[in-house]
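The block underneath contains the structure these notes are about, expressed in structure tokens.
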Amino acid sequence: MKNRDEKRKNGEKRRKNRELYLCAGLFVCLFSLAGGYLAYEAVANREAMFNNSYNSRQRVLAGENTRGTIYAGSGEVLAATVTGEDGKEIRQYPYGAEFAHVVGYTGKGKTGIEELENYWLSNTDISGREQLQNELEGRKNPGSDVYTTLDTALQEAAGDALGLYRGAVVVTEVKTGRILAMVSKPDYDPNRIAEDWEKLNQEEEAASLLNRATQGLYPPGSTFKIVTALAYIRQFPDTWQRYQFTCTGSYTHGDSRIRCYHGSVHGQVDLMSSFAKSCNSSFANLGMSMDRGLFGETIDSLMFHQELPLDLPYKQASVSLSETSTDDEVIQTAIGQGTTQITPVHLNLITAAVANGGKLMRPVLVDRVEGASGRILRENNPSVYRELMTEEEAGILTSFMEDVVQEGTGRKLKDRPYTAAGKTGSAEFSEEKGESHAWFTGFAPAEDPEIAVTVIVEKAGSGSDYAVPLARQVFDAWFANRS
């Protein structure tokens, strides 16, 4: 009896021990998984964690390391840290306001590339032994350098073209996605950000700190006809070539009525000539002839209401169109008006995809990061982000955009040493005053595209009168430097 009790007790003890071991093992596994996950997150998101304003590590490294230099694609210095006469370090921007929005500033927070690459600019890759030697000798460690894709000659040409106008210019390399120029005006001098900070924040209408290229939302006007034309071609792949419309200068459907720009009468037009002449009446008719749900699908396929593959802060493009939309909403959407909103950079990405046979390359602003030791710490190689349209669809749109330059509203780009393709836009933003923004988006050479250029000039009027000549100056600068 006693032996039986002892056996039972020993059995219960062993069972309890097993349960304890299993429980302890489970907790060890859970803690290991949690630790592994935290370690992975710390490595995967090290840049975001480092840039957190509450991370005191930034201040520590600022005392130990000299912030790295930001270079243009061809090697010019865009931002560097120099030591003043008083021995204090100063962040210097040799080009002043010219690269203000894309390179950014430091001091009053950080923006642009200064913010995007803050982790690499702040850290050093030299050995611990070298760091110790520098500490003993009272020297700071050199930070890593950032080499951008920006072209100083093209940036200057874009800035000069925009001049005193408010607006933006974006230039990308079609086959690689490299951002070659990004200008926004009004601008500011990053060398004087501390002195001018209060004034810049008080000028709400000018909004000089806003990067209009990525954060400026505008009605696209007739440049949106690229989207409408694509939607129509997709819905009527076998009959779009037979489309005909007679333009009398206006279009009426029920209580809705729109006019062609300045009341122009375009007469008998097909789809290509409707596009080239930017006939609002014909495109309103196209919008009304399409299935609204399918029209919306084409819009969404071009990244509206979606995240963009862009590292800089940006605003999402939007359109209010669904199967329940009113006739007036459909008509306004078809011509890029109503509630339709887009940023210049987003329109440039769509344009670049047309030029690249339908494939959108992932936009790249930083080519590589080099450590002080000369090692390449990070490199961005060209890659396809998404196929926005088929090669056939892109070819059709390219022929339409070529006709805009040869026979339509983009004729001020005709007879250049290069061929060009594009679309103009005059986007009304004030019903009371009848004011409009001037747009142009296009690429060159038309037969083998190299660069895509998108221009918006706020409150200027006609895209053909104001935006096309500005784009021409940018194209001219590009091809002049390549001849």
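By convention here, the chains of the structure tokens are called A, B, ... in the order presented, each chain's residues are numbered starting at 1, and ligands are numbered starting at 1 in the order presented.
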Requested in this report: Give me the residues within 6 Å of Ser426 in chain A as a VMD selection string, counting only C-alpha atoms and dropping any in the same chain fewer than 2 places off.
Outcome: chain A and resid 221 436 to 438 462 to 463
Exercise. Write down as an NGL selection string the residues of range 24-200 of chain A whose backbone DSSP state falls under strand (DSSP E).
Key: :A and (65-66 or 70-71 or 77-83 or 89-92 or 141-142 or 145-148 or 167-173 or 179-185)
Output N, CA, C and O atoms of each residue in that selection to a file, as a short mmCIF file (atom, residue, chain, number, x, y, z; two decimals), in the first residue's frame.
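Final output, result_14.cif:
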data_model
loop_
_atom_site.label_atom_id
_atom_site.label_comp_id
_atom_site.auth_asym_id
_atom_site.auth_seq_id
_atom_site.Cartn_x
_atom_site.Cartn_y
_atom_site.Cartn_z
N ASN A 65 29.98 62.73 -35.37
CA ASN A 65 30.23 62.61 -36.79
C ASN A 65 29.92 63.92 -37.54
O ASN A 65 29.02 64.65 -37.15
N THR A 66 30.65 64.18 -38.58
CA THR A 66 30.34 65.29 -39.48
C THR A 66 29.38 64.79 -40.55
O THR A 66 29.64 63.78 -41.21
N ILE A 70 25.91 65.71 -49.92
CA ILE A 70 24.94 65.30 -50.94
C ILE A 70 25.44 65.82 -52.29
O ILE A 70 25.75 67.00 -52.43
N TYR A 71 25.54 64.91 -53.26
CA TYR A 71 26.07 65.26 -54.58
C TYR A 71 24.99 65.12 -55.66
O TYR A 71 24.07 64.30 -55.54
N VAL A 77 28.45 69.43 -55.71
CA VAL A 77 28.01 69.40 -54.31
C VAL A 77 26.69 70.16 -54.17
O VAL A 77 26.58 71.32 -54.56
N LEU A 78 25.69 69.49 -53.63
CA LEU A 78 24.38 70.11 -53.41
C LEU A 78 24.18 70.49 -51.95
O LEU A 78 23.41 71.41 -51.65
N ALA A 79 24.85 69.80 -51.04
CA ALA A 79 24.77 70.11 -49.61
C ALA A 79 26.01 69.57 -48.93
O ALA A 79 26.41 68.43 -49.18
N ALA A 80 26.64 70.38 -48.09
CA ALA A 80 27.86 69.95 -47.40
C ALA A 80 27.96 70.67 -46.06
O ALA A 80 27.39 71.75 -45.86
N THR A 81 28.69 70.06 -45.15
CA THR A 81 28.93 70.65 -43.84
C THR A 81 30.31 71.30 -43.83
O THR A 81 31.30 70.65 -44.16
N VAL A 82 30.35 72.56 -43.51
CA VAL A 82 31.61 73.30 -43.43
C VAL A 82 31.76 73.88 -42.03
O VAL A 82 30.78 74.03 -41.29
N THR A 83 32.99 74.19 -41.66
CA THR A 83 33.25 74.78 -40.34
C THR A 83 33.44 76.28 -40.49
O THR A 83 34.25 76.75 -41.28
N GLU A 89 29.99 74.12 -36.95
CA GLU A 89 29.64 73.52 -38.23
C GLU A 89 28.39 74.18 -38.81
O GLU A 89 27.43 74.48 -38.10
N ILE A 90 28.43 74.39 -40.13
CA ILE A 90 27.30 75.01 -40.84
C ILE A 90 26.95 74.11 -42.02
O ILE A 90 27.83 73.63 -42.74
N ARG A 91 25.66 73.88 -42.21
CA ARG A 91 25.21 73.13 -43.39
C ARG A 91 25.07 74.13 -44.53
O ARG A 91 24.30 75.10 -44.46
N GLN A 92 25.80 73.89 -45.62
CA GLN A 92 25.87 74.84 -46.72
C GLN A 92 25.27 74.24 -47.99
O GLN A 92 25.49 73.08 -48.32
N ASN A 141 34.16 62.01 -36.86
CA ASN A 141 34.18 61.00 -37.91
C ASN A 141 33.42 61.50 -39.14
O ASN A 141 32.42 62.20 -39.00
N PRO A 142 33.87 61.13 -40.33
CA PRO A 142 33.15 61.56 -41.54
C PRO A 142 31.90 60.72 -41.77
O PRO A 142 31.94 59.49 -41.68
N ASP A 145 28.33 59.68 -47.74
CA ASP A 145 27.90 60.63 -48.77
C ASP A 145 26.79 60.04 -49.63
O ASP A 145 26.76 58.84 -49.91
N VAL A 146 25.90 60.92 -50.06
CA VAL A 146 24.75 60.53 -50.88
C VAL A 146 24.91 61.09 -52.29
O VAL A 146 25.10 62.30 -52.46
N TYR A 147 24.84 60.22 -53.29
CA TYR A 147 24.91 60.62 -54.70
C TYR A 147 23.52 60.52 -55.30
O TYR A 147 22.97 59.41 -55.41
N THR A 148 22.95 61.65 -55.69
CA THR A 148 21.61 61.67 -56.23
C THR A 148 21.61 61.43 -57.73
O THR A 148 22.66 61.32 -58.36
N GLY A 167 4.44 77.21 -59.62
CA GLY A 167 4.17 75.94 -60.27
C GLY A 167 5.26 74.94 -60.01
O GLY A 167 5.98 75.03 -59.01
N ALA A 168 5.41 73.98 -60.92
CA ALA A 168 6.38 72.91 -60.72
C ALA A 168 6.79 72.32 -62.05
O ALA A 168 6.04 72.37 -63.03
N VAL A 169 7.99 71.74 -62.07
CA VAL A 169 8.51 71.01 -63.22
C VAL A 169 9.13 69.71 -62.70
O VAL A 169 9.91 69.72 -61.74
N VAL A 170 8.79 68.59 -63.35
CA VAL A 170 9.37 67.29 -63.00
C VAL A 170 9.94 66.67 -64.27
O VAL A 170 9.27 66.64 -65.31
N VAL A 171 11.18 66.18 -64.19
CA VAL A 171 11.82 65.53 -65.33
C VAL A 171 12.36 64.17 -64.88
O VAL A 171 13.10 64.09 -63.90
N THR A 172 11.99 63.12 -65.60
CA THR A 172 12.48 61.78 -65.28
C THR A 172 13.07 61.12 -66.52
O THR A 172 12.71 61.45 -67.65
N GLU A 173 13.97 60.18 -66.27
CA GLU A 173 14.55 59.39 -67.36
C GLU A 173 13.65 58.18 -67.58
O GLU A 173 13.45 57.36 -66.67
N ILE A 179 15.07 60.37 -61.39
CA ILE A 179 14.53 61.73 -61.34
C ILE A 179 15.67 62.69 -61.62
O ILE A 179 16.64 62.78 -60.86
N LEU A 180 15.58 63.40 -62.74
CA LEU A 180 16.66 64.27 -63.19
C LEU A 180 16.50 65.71 -62.70
O LEU A 180 17.49 66.42 -62.53
N ALA A 181 15.28 66.15 -62.54
CA ALA A 181 15.02 67.51 -62.07
C ALA A 181 13.68 67.56 -61.39
O ALA A 181 12.74 66.86 -61.79
N MET A 182 13.59 68.38 -60.34
CA MET A 182 12.34 68.59 -59.63
C MET A 182 12.36 70.00 -59.07
O MET A 182 13.10 70.30 -58.13
N VAL A 183 11.56 70.87 -59.68
CA VAL A 183 11.53 72.28 -59.30
C VAL A 183 10.15 72.65 -58.80
O VAL A 183 9.14 72.22 -59.37
N SER A 184 10.09 73.42 -57.74
CA SER A 184 8.83 73.94 -57.21
C SER A 184 9.02 75.41 -56.89
O SER A 184 10.03 75.79 -56.30
N LYS A 185 8.05 76.25 -57.29
CA LYS A 185 8.11 77.68 -56.98
C LYS A 185 6.75 78.17 -56.52
O LYS A 185 5.73 77.69 -57.00
#
Polymer residues at most 8 Å from Phe475 in chain A, only C-alpha atoms, same-chain spacing of 4 or more positions, as a PyMOL selection string: chain A and resi 444+453+471+479
Mind pulling up the distance from CA of Ala420 in chain A to CA of Ser464 in chain A?
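Separation between CA of Ser464 in chain A and CA of Ala420 in chain A: 14.0 Å.
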Subject >> Distance criterion (only C-alpha atoms): nearest to Pro382 in chain A out of A:Thr124, A:Thr176, A:Ser208, A:Thr424 >> reply: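 Closest to Pro382 in chain A, using only C-alpha atoms: A:Thr176.
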*asked:* Could you go through range 379-437 of chain A and tell me which residues DSSP, when run on the backbone, assigns to helix (DSSP H, G or I), listing them as a PyMOL selection string?
replied: chain A and resi 391-407+411-413
Exercise for review: Find the residues around Ser281 in chain A up to 10 Å (only C-alpha atoms counted), leave out those fewer than 4 positions away in its own chain, and share them as a PyMOL selection string.
Suggested key: chain A and resi 245-252+257-261+264-266+274+285-287+331+334-335
Those selected residues, please, written with N, CA, C and O atoms and delivered as a CSV table (one decimal), in the first residue's frame.
chain,number,residue,atom,x,y,z
A,245,PHE,N,-17.3,62.3,-84.2
A,245,PHE,CA,-18.1,63.3,-83.4
A,245,PHE,C,-18.0,64.6,-84.1
A,245,PHE,O,-17.0,65.0,-84.7
A,246,THR,N,-19.2,65.3,-84.1
A,246,THR,CA,-19.2,66.6,-84.7
A,246,THR,C,-19.3,67.7,-83.6
A,246,THR,O,-20.2,67.7,-82.8
A,247,CYS,N,-18.2,68.4,-83.4
A,247,CYS,CA,-18.1,69.4,-82.4
A,247,CYS,C,-18.6,70.8,-82.8
A,247,CYS,O,-18.2,71.3,-83.8
A,248,THR,N,-19.6,71.3,-82.1
A,248,THR,CA,-20.2,72.6,-82.4
A,248,THR,C,-19.7,73.7,-81.4
A,248,THR,O,-20.2,74.8,-81.4
A,249,GLY,N,-18.7,73.3,-80.6
A,249,GLY,CA,-18.2,74.3,-79.6
A,249,GLY,C,-18.7,74.0,-78.2
A,249,GLY,O,-18.2,74.6,-77.2
A,250,SER,N,-19.7,73.2,-78.0
A,250,SER,CA,-20.3,72.9,-76.7
A,250,SER,C,-20.9,71.5,-76.7
A,250,SER,O,-21.2,70.9,-77.8
A,251,TYR,N,-21.2,71.0,-75.6
A,251,TYR,CA,-21.8,69.7,-75.4
A,251,TYR,C,-22.9,69.8,-74.3
A,251,TYR,O,-22.6,70.2,-73.2
A,252,THR,N,-24.1,69.3,-74.6
A,252,THR,CA,-25.2,69.4,-73.7
A,252,THR,C,-25.8,68.0,-73.5
A,252,THR,O,-26.0,67.3,-74.4
A,257,ARG,N,-23.9,71.1,-69.3
A,257,ARG,CA,-23.4,71.7,-70.5
A,257,ARG,C,-22.0,72.1,-70.3
A,257,ARG,O,-21.6,72.8,-69.3
A,258,ILE,N,-21.1,71.8,-71.2
A,258,ILE,CA,-19.7,72.2,-71.2
A,258,ILE,C,-19.3,72.8,-72.5
A,258,ILE,O,-19.9,72.5,-73.5
A,259,ARG,N,-18.3,73.6,-72.5
A,259,ARG,CA,-17.8,74.3,-73.7
A,259,ARG,C,-16.4,73.9,-74.0
A,259,ARG,O,-15.7,73.6,-73.1
A,260,CYS,N,-16.0,73.9,-75.3
A,260,CYS,CA,-14.6,73.7,-75.6
A,260,CYS,C,-13.9,75.0,-75.2
A,260,CYS,O,-14.5,76.1,-75.0
A,261,TYR,N,-12.6,74.9,-74.9
A,261,TYR,CA,-11.8,76.0,-74.4
A,261,TYR,C,-11.9,77.2,-75.4
A,261,TYR,O,-11.7,77.1,-76.6
A,264,SER,N,-14.0,77.2,-78.9
A,264,SER,CA,-13.6,76.7,-80.2
A,264,SER,C,-14.5,75.6,-80.8
A,264,SER,O,-15.0,74.8,-80.1
A,265,VAL,N,-14.7,75.7,-82.1
A,265,VAL,CA,-15.5,74.8,-82.8
A,265,VAL,C,-14.6,73.9,-83.6
A,265,VAL,O,-13.9,74.3,-84.5
A,266,HIS,N,-14.6,72.6,-83.3
A,266,HIS,CA,-13.6,71.7,-83.9
A,266,HIS,C,-14.2,70.9,-85.1
A,266,HIS,O,-13.4,70.2,-85.8
A,274,SER,N,-9.7,64.5,-81.8
A,274,SER,CA,-10.3,64.9,-80.6
A,274,SER,C,-9.2,65.2,-79.5
A,274,SER,O,-9.2,66.2,-78.8
A,285,ASN,N,-18.6,63.5,-74.6
A,285,ASN,CA,-19.3,62.5,-75.3
A,285,ASN,C,-18.7,61.1,-75.1
A,285,ASN,O,-19.4,60.1,-74.8
A,286,LEU,N,-17.4,61.0,-75.1
A,286,LEU,CA,-16.7,59.7,-74.8
A,286,LEU,C,-17.0,59.2,-73.4
A,286,LEU,O,-17.3,58.1,-73.2
A,287,GLY,N,-17.0,60.2,-72.4
A,287,GLY,CA,-17.2,59.8,-71.1
A,287,GLY,C,-18.6,59.3,-70.9
A,287,GLY,O,-18.8,58.2,-70.2
A,331,ILE,N,-19.1,63.7,-67.0
A,331,ILE,CA,-18.7,64.7,-68.0
A,331,ILE,C,-17.5,65.5,-67.5
A,331,ILE,O,-16.5,65.6,-68.2
A,334,ALA,N,-14.4,63.2,-67.3
A,334,ALA,CA,-13.8,62.9,-68.6
A,334,ALA,C,-12.9,63.9,-69.2
A,334,ALA,O,-12.0,63.6,-70.0
A,335,ILE,N,-13.1,65.2,-68.8
A,335,ILE,CA,-12.2,66.3,-69.2
A,335,ILE,C,-11.2,66.8,-68.1
A,335,ILE,O,-10.7,67.9,-68.3
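The nearest approach to Thr223 in chain A among the residues A:Ala276, A:Val330, A:Met290, A:Leu150, with only C-alpha atoms taken into account, belongs to A:Ala276.
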Show me, as a Markdown table, the residues of range 374-419 of chain A having an atom within 10 Å of range 352-361 of chain A, each with the closest atom pair and its distance in Å, using only C-alpha atoms.
| residue | atom | partner | partner_atom | distance |
| --- | --- | --- | --- | --- |
| A:Pro382 | CA | A:Met361 | CA | 6.9 |
| A:Ser383 | CA | A:Met361 | CA | 5.7 |
| A:Val384 | CA | A:Met361 | CA | 4.3 |
| A:Tyr385 | CA | A:Met361 | CA | 5.2 |
| A:Arg386 | CA | A:Leu360 | CA | 5.4 |
| A:Glu387 | CA | A:Lys359 | CA | 4.3 |
| A:Leu388 | CA | A:Gly358 | CA | 5.5 |
| A:Met389 | CA | A:Gly358 | CA | 4.6 |
| A:Thr390 | CA | A:Gly358 | CA | 5.4 |
| A:Glu391 | CA | A:Gly357 | CA | 4.6 |
| A:Glu392 | CA | A:Gly357 | CA | 7.7 |
| A:Glu393 | CA | A:Gly358 | CA | 7.4 |
| A:Ala394 | CA | A:Val354 | CA | 4.8 |
| A:Gly395 | CA | A:Gly357 | CA | 6.7 |
| A:Ile396 | CA | A:Val354 | CA | 9.2 |
| A:Leu397 | CA | A:Val354 | CA | 6.9 |
| A:Thr398 | CA | A:Val354 | CA | 6.7 |
| A:Met401 | CA | A:Val354 | CA | 9.8 |
Write out, as a compact mmCIF listing (two decimals), in the first residue's frame, the residues just selected, with N, CA and C atoms.
# COMPACT_ATOMS: atom_id res chain seq x y z
N PRO A 382 17.94 50.29 -61.62
CA PRO A 382 16.64 50.41 -62.29
C PRO A 382 15.82 49.13 -62.17
N SER A 383 14.52 49.29 -61.92
CA SER A 383 13.63 48.14 -61.83
C SER A 383 12.22 48.55 -62.24
N VAL A 384 11.50 47.61 -62.81
CA VAL A 384 10.12 47.87 -63.22
C VAL A 384 9.23 47.84 -61.98
N TYR A 385 8.44 48.89 -61.81
CA TYR A 385 7.50 48.92 -60.68
C TYR A 385 6.18 48.24 -61.03
N ARG A 386 5.64 48.58 -62.18
CA ARG A 386 4.34 48.02 -62.56
C ARG A 386 4.09 48.28 -64.05
N GLU A 387 3.33 47.39 -64.66
CA GLU A 387 2.90 47.62 -66.04
C GLU A 387 1.55 48.33 -65.98
N LEU A 388 1.53 49.60 -66.33
CA LEU A 388 0.30 50.39 -66.23
C LEU A 388 -0.63 50.16 -67.42
N MET A 389 -0.06 49.72 -68.54
CA MET A 389 -0.85 49.48 -69.74
C MET A 389 -0.07 48.54 -70.64
N THR A 390 -0.73 47.99 -71.64
CA THR A 390 -0.03 47.09 -72.56
C THR A 390 0.84 47.91 -73.51
N GLU A 391 1.77 47.24 -74.15
CA GLU A 391 2.63 47.91 -75.12
C GLU A 391 1.81 48.47 -76.28
N GLU A 392 0.78 47.75 -76.68
CA GLU A 392 -0.09 48.22 -77.76
C GLU A 392 -0.82 49.49 -77.35
N GLU A 393 -1.37 49.50 -76.14
CA GLU A 393 -2.07 50.70 -75.65
C GLU A 393 -1.13 51.89 -75.56
N ALA A 394 0.09 51.64 -75.07
CA ALA A 394 1.08 52.72 -74.97
C ALA A 394 1.43 53.25 -76.36
N GLY A 395 1.51 52.35 -77.34
CA GLY A 395 1.81 52.77 -78.71
C GLY A 395 0.72 53.66 -79.29
N ILE A 396 -0.53 53.32 -79.02
CA ILE A 396 -1.65 54.13 -79.51
C ILE A 396 -1.62 55.51 -78.88
N LEU A 397 -1.42 55.57 -77.56
CA LEU A 397 -1.37 56.86 -76.87
C LEU A 397 -0.17 57.69 -77.34
N THR A 398 0.94 57.02 -77.62
CA THR A 398 2.11 57.74 -78.14
C THR A 398 1.79 58.41 -79.48
N MET A 401 -0.25 61.43 -78.83
CA MET A 401 0.54 62.52 -78.24
C MET A 401 1.50 63.12 -79.27
Please provide as a ChimeraX atom specification all residues within 9 Å of Glu98 in chain A, with the sequence filter that same-chain residues fewer than 6 positions apart are discarded (counting only C-alpha atoms).
/A:155-156,159,183,187-189
The selected residues should be written to file as an mmCIF file, in the first residue's frame (atoms: N, CA and C atoms).
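Okay, this is what ended up in out.cif:
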data_model
loop_
_atom_site.group_PDB
_atom_site.id
_atom_site.type_symbol
_atom_site.label_atom_id
_atom_site.label_comp_id
_atom_site.auth_asym_id
_atom_site.auth_seq_id
_atom_site.Cartn_x
_atom_site.Cartn_y
_atom_site.Cartn_z
ATOM 1 N N GLN A 155 18.144 70.908 -63.932
ATOM 2 C CA GLN A 155 17.468 71.584 -62.817
ATOM 3 C C GLN A 155 17.502 73.104 -63.022
ATOM 4 N N GLU A 156 18.646 73.609 -63.446
ATOM 5 C CA GLU A 156 18.780 75.044 -63.696
ATOM 6 C C GLU A 156 17.878 75.482 -64.845
ATOM 7 N N GLY A 159 14.284 75.513 -63.609
ATOM 8 C CA GLY A 159 14.062 76.657 -62.725
ATOM 9 C C GLY A 159 13.996 77.965 -63.487
ATOM 10 N N VAL A 183 11.560 70.873 -59.676
ATOM 11 C CA VAL A 183 11.534 72.283 -59.296
ATOM 12 C C VAL A 183 10.147 72.648 -58.799
ATOM 13 N N ASP A 187 10.051 79.358 -54.096
ATOM 14 C CA ASP A 187 11.032 78.573 -53.376
ATOM 15 C C ASP A 187 11.612 79.366 -52.215
ATOM 16 N N TYR A 188 12.702 78.922 -51.647
ATOM 17 C CA TYR A 188 13.336 79.571 -50.500
ATOM 18 C C TYR A 188 14.815 79.212 -50.509
ATOM 19 N N ASP A 189 15.587 79.925 -49.750
ATOM 20 C CA ASP A 189 17.017 79.658 -49.651
ATOM 21 C C ASP A 189 17.279 78.807 -48.411
#
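Counting only C-alpha atoms and comparing A:Ala427, A:Ala467, A:Val405, A:Cys279, the residue that lies closest to Pro445 in chain A is A:Val405.
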* **Distance query Gln244 in chain A at most 7 Å, only C-alpha atoms, self and fewer than 4 positions along chain excluded, as a list in words** =>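 What passes the distance filter is Gln268, Val269 and Asp270 of chain A.
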Would you output that residue set with N, CA and C atoms, as a tab-separated table (two decimals), in the first residue's frame?
chain	number	residue	atom	x	y	z
A	268	GLN	N	-15.86	68.07	-87.45
A	268	GLN	CA	-15.84	66.60	-87.46
A	268	GLN	C	-14.48	66.10	-86.96
A	269	VAL	N	-14.52	65.28	-85.92
A	269	VAL	CA	-13.27	64.75	-85.33
A	269	VAL	C	-13.40	63.26	-85.07
A	270	ASP	N	-12.26	62.57	-85.17
A	270	ASP	CA	-12.19	61.18	-84.70
A	270	ASP	C	-11.50	61.19	-83.35
| request: Skip Thr351 in chain A itself and residues of its chain fewer than 5 positions away, then list as an NGL selection string all residues within 9 Å of it, counting only C-alpha atoms. | output: :A and (174 or 226 or 346 or 356 or 422 or 441-443 or 452-454)
